[in-house]
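Text of data.pdb, listed as PDB, C-alpha atoms:
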ATOM      1  CA  LYS A1439     -33.899 149.974 119.578
ATOM      2  CA  VAL A1440     -35.400 152.009 116.760
ATOM      3  CA  LEU A1441     -32.090 152.160 114.894
ATOM      4  CA  GLU A1442     -31.615 148.400 115.228
ATOM      5  CA  GLU A1443     -35.124 147.779 113.908
ATOM      6  CA  LEU A1444     -34.462 150.095 110.963
ATOM      7  CA  LYS A1445     -31.217 148.280 110.156
ATOM      8  CA  ILE A1446     -32.936 144.892 110.293
ATOM      9  CA  SER A1447     -35.814 146.012 108.078
ATOM     10  CA  SER A1448     -33.454 147.603 105.545
ATOM     11  CA  VAL A1449     -31.401 144.400 105.368
ATOM     12  CA  GLU A1450     -34.555 142.364 104.767
ATOM     13  CA  GLU A1451     -35.722 144.796 102.080
ATOM     14  CA  LYS A1452     -32.308 144.665 100.411
ATOM     15  CA  ARG A1453     -32.426 140.851 100.323
ATOM     16  CA  LYS A1454     -35.903 140.917  98.794
ATOM     17  CA  LEU A1455     -34.794 143.453  96.175
ATOM     18  CA  GLU A1456     -31.719 141.387  95.308
ATOM     19  CA  GLU A1457     -33.905 138.284  94.879
ATOM     20  CA  VAL A1458     -36.319 140.191  92.638
ATOM     21  CA  ILE A1459     -33.467 141.630  90.572
ATOM     22  CA  ALA A1460     -31.818 138.231  90.182
ATOM     23  CA  ASP A1461     -35.154 136.722  89.147
ATOM     24  CA  LEU A1462     -35.775 139.463  86.585
ATOM     25  CA  GLN A1463     -32.251 139.182  85.188
ATOM     26  CA  SER A1464     -32.590 135.416  84.770
ATOM     27  CA  LYS A1465     -35.884 135.915  82.913
ATOM     28  CA  LEU A1466     -34.716 138.837  80.781
ATOM     29  CA  SER A1467     -31.274 137.665  79.723
ATOM     30  CA  PRO A1468     -30.850 133.891  79.421
ATOM     31  CA  ALA A1469     -28.865 134.511  76.225
ATOM     32  CA  ALA A1470     -26.546 136.915  78.024
ATOM     33  CA  ASP A1471     -25.993 134.359  80.776
ATOM     34  CA  GLU A1472     -25.147 131.719  78.178
ATOM     35  CA  THR A1473     -22.639 133.952  76.399
ATOM     36  CA  VAL A1474     -20.949 134.701  79.717
ATOM     37  CA  GLU A1475     -20.689 130.985  80.474
ATOM     38  CA  THR A1476     -19.418 130.046  77.015
ATOM     39  CA  SER A1477     -16.880 132.876  76.940
ATOM     40  CA  SER A1478     -15.540 131.858  80.350
ATOM     41  CA  LEU A1479     -15.313 128.248  79.164
ATOM     42  CA  SER A1480     -13.403 129.201  76.018
ATOM     43  CA  ALA A1481     -11.099 131.408  78.099
ATOM     44  CA  GLU A1482     -10.303 128.442  80.354
ATOM     45  CA  GLN A1483      -9.447 126.237  77.373
ATOM     46  CA  ILE A1484      -6.844 128.654  75.991
TER      47      ILE A1484
END
Now, as a test, write the supplied structure out as structure tokens.
Amino acid sequence: KVLEELKISSVEEKRKLEEVIADLQSKLSPAADETVETSSLSAEQI
């Protein structure tokens, strides 16, 4: 039971961390996101 509870809590913590990281990345690097999108678009056109 203890191991299962630890696994569940670690999964929940990981999800929270991933959400926080994604939120920070979207705030910190909108320009980087745009360049990734535009470069992928230009690559598709070739």
Quiz item: By how many Å are atom CA of A:Ile1459 and atom CA of A:Leu1441 apart?
Solution: 26.5 Å
Practice problem: Give me, please, the distance in Å between atom CA of A:Lys1439 and atom CA of A:Glu1457, quoted to one decimal. | Solution: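 Going from atom CA of A:Lys1439 over to atom CA of A:Glu1457 covers 27.3 Å.
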Exercise. Kindly give the distance, in Å, that separates atom CA of A:Ile1446 and atom CA of A:Lys1465, rounded to a single decimal.
Key: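 We find that atom CA of A:Ile1446 and atom CA of A:Lys1465 lie 29.0 Å from each other.
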Subset file: stretch 1447-1466 of chain A, N, CA and C atoms, as a short mmCIF file (atom, residue, chain, number, x, y, z; two decimals), in the first residue's frame:
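After the write, selection.cif holds the following:
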data_model
loop_
_atom_site.label_atom_id
_atom_site.label_comp_id
_atom_site.auth_asym_id
_atom_site.auth_seq_id
_atom_site.Cartn_x
_atom_site.Cartn_y
_atom_site.Cartn_z
N SER A 1447 1.55 9.56 -5.68
CA SER A 1447 1.93 10.93 -5.34
C SER A 1447 3.04 11.42 -6.25
N SER A 1448 3.98 10.56 -6.62
CA SER A 1448 5.07 10.99 -7.50
C SER A 1448 4.54 11.30 -8.90
N VAL A 1449 3.56 10.54 -9.35
CA VAL A 1449 2.95 10.81 -10.66
C VAL A 1449 2.25 12.16 -10.64
N GLU A 1450 1.52 12.43 -9.56
CA GLU A 1450 0.81 13.70 -9.45
C GLU A 1450 1.80 14.86 -9.40
N GLU A 1451 2.89 14.69 -8.64
CA GLU A 1451 3.91 15.74 -8.56
C GLU A 1451 4.54 15.97 -9.93
N LYS A 1452 4.80 14.90 -10.65
CA LYS A 1452 5.42 15.01 -11.98
C LYS A 1452 4.50 15.79 -12.91
N ARG A 1453 3.20 15.50 -12.87
CA ARG A 1453 2.24 16.22 -13.71
C ARG A 1453 2.25 17.70 -13.37
N LYS A 1454 2.24 18.01 -12.08
CA LYS A 1454 2.25 19.42 -11.66
C LYS A 1454 3.51 20.11 -12.15
N LEU A 1455 4.66 19.44 -12.00
CA LEU A 1455 5.92 20.02 -12.45
C LEU A 1455 5.90 20.26 -13.95
N GLU A 1456 5.39 19.29 -14.71
CA GLU A 1456 5.34 19.43 -16.16
C GLU A 1456 4.45 20.61 -16.56
N GLU A 1457 3.33 20.79 -15.84
CA GLU A 1457 2.45 21.93 -16.12
C GLU A 1457 3.16 23.24 -15.83
N VAL A 1458 3.86 23.30 -14.70
CA VAL A 1458 4.59 24.51 -14.33
C VAL A 1458 5.67 24.81 -15.36
N ILE A 1459 6.41 23.79 -15.76
CA ILE A 1459 7.48 23.98 -16.74
C ILE A 1459 6.91 24.46 -18.07
N ALA A 1460 5.83 23.85 -18.52
CA ALA A 1460 5.21 24.25 -19.78
C ALA A 1460 4.74 25.69 -19.69
N ASP A 1461 4.17 26.06 -18.55
CA ASP A 1461 3.69 27.43 -18.36
C ASP A 1461 4.85 28.41 -18.40
N LEU A 1462 5.93 28.09 -17.71
CA LEU A 1462 7.11 28.96 -17.70
C LEU A 1462 7.70 29.09 -19.09
N GLN A 1463 7.80 27.98 -19.81
CA GLN A 1463 8.38 28.00 -21.15
C GLN A 1463 7.54 28.87 -22.08
N SER A 1464 6.22 28.78 -21.97
CA SER A 1464 5.36 29.58 -22.84
C SER A 1464 5.49 31.07 -22.51
N LYS A 1465 5.76 31.39 -21.24
CA LYS A 1465 5.93 32.79 -20.86
C LYS A 1465 7.32 33.30 -21.26
N LEU A 1466 8.33 32.45 -21.09
CA LEU A 1466 9.70 32.89 -21.31
C LEU A 1466 10.07 32.96 -22.78
#
